[in-house]
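Comments concern the structure below.
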Amino acid sequence: MKVQESAFIAEKRPLLEKLRDALCAEFEYASVLAEDTVGRDYRVSRHSVSVGEGDNVRGFVVKALDGGRYAEYSFSELEEASVPGVVAAVRELLASDVRPAGLAANAYAPPVSEPTVFSGATDYEIDPEDFSDGDIIDRLTALRDKGLGMDKTVLDFIAWTAWQRYTKLFLSREKDMTQSVMYLTGGVVAAAMKGQEVKQAYLPCSGLGGMELLAKMEENVAPCVQTALDLLHSEPMIPGEYECICSPETTGMIVHEAFGHGVEMDMFVKDRAQAPQFIGKYVASPLVTMHDGASSAAQTATYFFDDEGTLAHDTVIIDKGVLKTGISDLQSALTLGTEPTGNGRRESFARKAYTRMTNTWFEPGHDKLEDMIASVKYGMYLECPSSGMEDPKNWGIQCMVNIAREIRDGKLTGRIFSPVVLTGYVPDLLKSITAMSEAAELSGTGFCGKGHKEWVKVSDGGPYIKATIRLG
């Protein structure tokens with residue numbers, strides 16, 4: 001079934017069209033974005049149960065450009081009588097000069113686009129709103145009880161899920177576009193105890209759709225508990241450079257941190273990225289082709305158009321090892337004289353649009369995982385990433401991985417190291433890739449912040465990869 005358009009957006013459409021027409025009659029360029037987002041989140045552990053509202057957001061933002069200057073104005077209420085006031089507020093913003101002292105003005109040409117009328121929606125099988133809060137808590141409680149009952153050393157078991165559904169309407173002189181999207185995220189966490197030591201394992205679940213995705217969470221219960229039990233026998237990591245096999249979620253973290261933020265082109269504008277100097281050059285193994293784009297994969301960061309009315313793209317950032325391009329929002333594209341790539345995203349209608357990643361991933365290769373492991377004389381199998389950060393200006397990377405499983409003479413020995421810090425210079429790491437598995441997997445339970453703020457939903461992933469990586 002298709003996700004239904006928000007009744008609120010449908011009701012406000014005539015007023016939004018009237019506002020669009022009034023803005024376009026006065027200014028060179030104007031657009032209106034309306035957003036209606038609803039959701040719920042749920043969490044069950046040994047000692048607690050919680051039910052909460054998701055990131056429920058409802059409001060509007062206007063963008064106008066006139067005389068080489070642009071302004072944005074956001075608001076949460078719109079009635080017939082308020083339309084002239086919104087136009088007046090935009091007029092005042094365009095006339096004012098709010099630049100910090102010493103900052104030169106930047107003149108923009110109005111964006112040019114083809115006339116576009118579009119309406120799209122994602123699919124789902126089971127509507128979360130067909131379930132009561134009690135029904136969903138009961139399902140999560142069953143997962144918790146199954147996890148707690150698997151071993152006497154399991155101290156706690158957490159099962160959580162959250163769903164979100166949104167409709168966005170974008171109107172400009174040339175465009176009339178509507179999209180309705182729903183996704184579900186979730187995960188299970190097992191905590192096991194030996195003596196005074198407690199170890200945790202986490203397995204996520206995410207995708208476009210509805211409650212049908214909870215079936216995957218049930219499959220993850222036993223592996224999650226087993227991983228927590230394995231970690232009770234882990235050892236501190238021995239620092240050094242290793243041949244590594246990375247699980248798809250570890251590959252995703254490397255993709256996101258290595259060439260994610262570093263190719264966001266608002267960083268090019270601010271001269272905070274090294275990537276522009278390497279366009280057209282090898283920055284990775286010829287095995288590596290990297291994508292980003294809301295239309296490049298079906299995951300939680302999928303949408304049909306971005307928050308500035310640019311249709312979703314599938315951008316090839318690295319093509320067979322060569323850095324080809326970055327990703328951009330409309331403002332960065334206007335400044336740089338490039339085409340926007342559909343990556344202009346807002347945390348909400350009340351926040352600024354920035355260049356942001358969407359679905360970011362490596363294409364799969366042609367190798368089999370068992371052959372990749374068998375080819376390792378001595379190294380590590382890396383799984384369960386937890387966090388990462390990068391330095392776009394110097395191309396450094398630092399990531400945390402929960403588990404490194406020892407490989408000796410092409411076989412897993414059962415020896416485990418944890419926690420593990422993965423570091424290095426991004427091109428060195430990516431150029432060291434010598435094998436990639438036949439299938440790619442993406443995960444999208446997390447959010448990404450821009451400078452520890454402006455959070456948006458992202459997904460990342462890829463195949464299993466074999467690379468030489470510095471661990472500590």
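As shown in the structure tokens, the chain order sets the letters A, B, ...; within each chain, residues go from 1, and ligands are also counted from 1 in the order they appear.
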
Mind checking which residues fall within 8 Å of A:Ser45, counting only C-alpha atoms, ignoring those fewer than 6 positions away in the same chain, and posting them as a ChimeraX atom specification?
-> /A:141,144,156-159

Would you list, as a count of residues only, the residues of stretch 134-313 of chain A that end up in strand (DSSP E or B) under DSSP run on this structure's backbone?
-> 66

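Here the question is which of A:Ser443, A:Thr358, A:Ser113, A:Thr434 gets nearest to A:Val376 using only C-alpha atoms, and that residue is A:Thr434.
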
All alpha helix (DSSP H) positions in stretch 364-445 of chain A, as a list in words = Leu369, Glu370, Asp371, Met372, Ile373, Ala374, Val426, Pro427, Asp428, Leu429, Leu430 and Lys431 of chain A

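Residue nearest A:Arg356, chosen from A:Asp391, A:Asp314, A:Glu174, A:Asp306 and counting only C-alpha atoms: A:Asp306.
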
Which neighbours of A:Phe268 fall inside 10 Å, counting only C-alpha atoms, when residues of the same chain fewer than 5 positions from it are skipped, and could you give them as a PyMOL selection string?
-> chain A and resi 262-263+273-276+326+328+332+336+392-393

Could you jot down the atom CA of A:Trp395 to atom CA of A:Met253 separation for me, Å, one decimal place?
-> 14.8 Å

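Using only C-alpha atoms for every distance, the candidate list A:Thr355, A:Tyr282, A:Met150, A:Met290 yields A:Met150 as the residue closest to A:Val221.
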
Skipping near chain neighbours, those fewer than 6 positions away, what residues fall within 7 Å of A:Phe118 using only C-alpha atoms, listed as a PDB file with C-alpha atoms, in the first residue's frame?
ATOM      1  CA  ASP A 176       4.128  21.563  -7.625  1.00  0.00           C
ATOM      2  CA  MET A 177       5.403  18.467  -5.825  1.00  0.00           C
ATOM      3  CA  THR A 178       4.133  16.277  -2.988  1.00  0.00           C
TER       4      THR A 178
END

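Note that atom CA of A:Ala107 and atom CA of A:Thr338 are 15.2 Å apart.
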
Enter the distance from atom CA of A:Leu169 to atom CA of A:Asp123, in Å, rounded to one decimal.
-> 18.3 Å

Which one is closest to A:Thr227: A:Ser96, A:Gln4, A:Thr413, A:Asn402? Count only C-alpha atoms.
-> A:Asn402

Surrounding residues of stretch 31-38 of chain A excluding itself and chain neighbours under 2 positions, 6 Å, only C-alpha atoms, as a PyMOL selection string = chain A and resi 56-63+164-172

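For the set A:Met357, A:Ala192, A:Leu334, A:Ala162, the residue with the smallest atom-to-atom gap to A:Tyr70 is A:Leu334, counting only C-alpha atoms.
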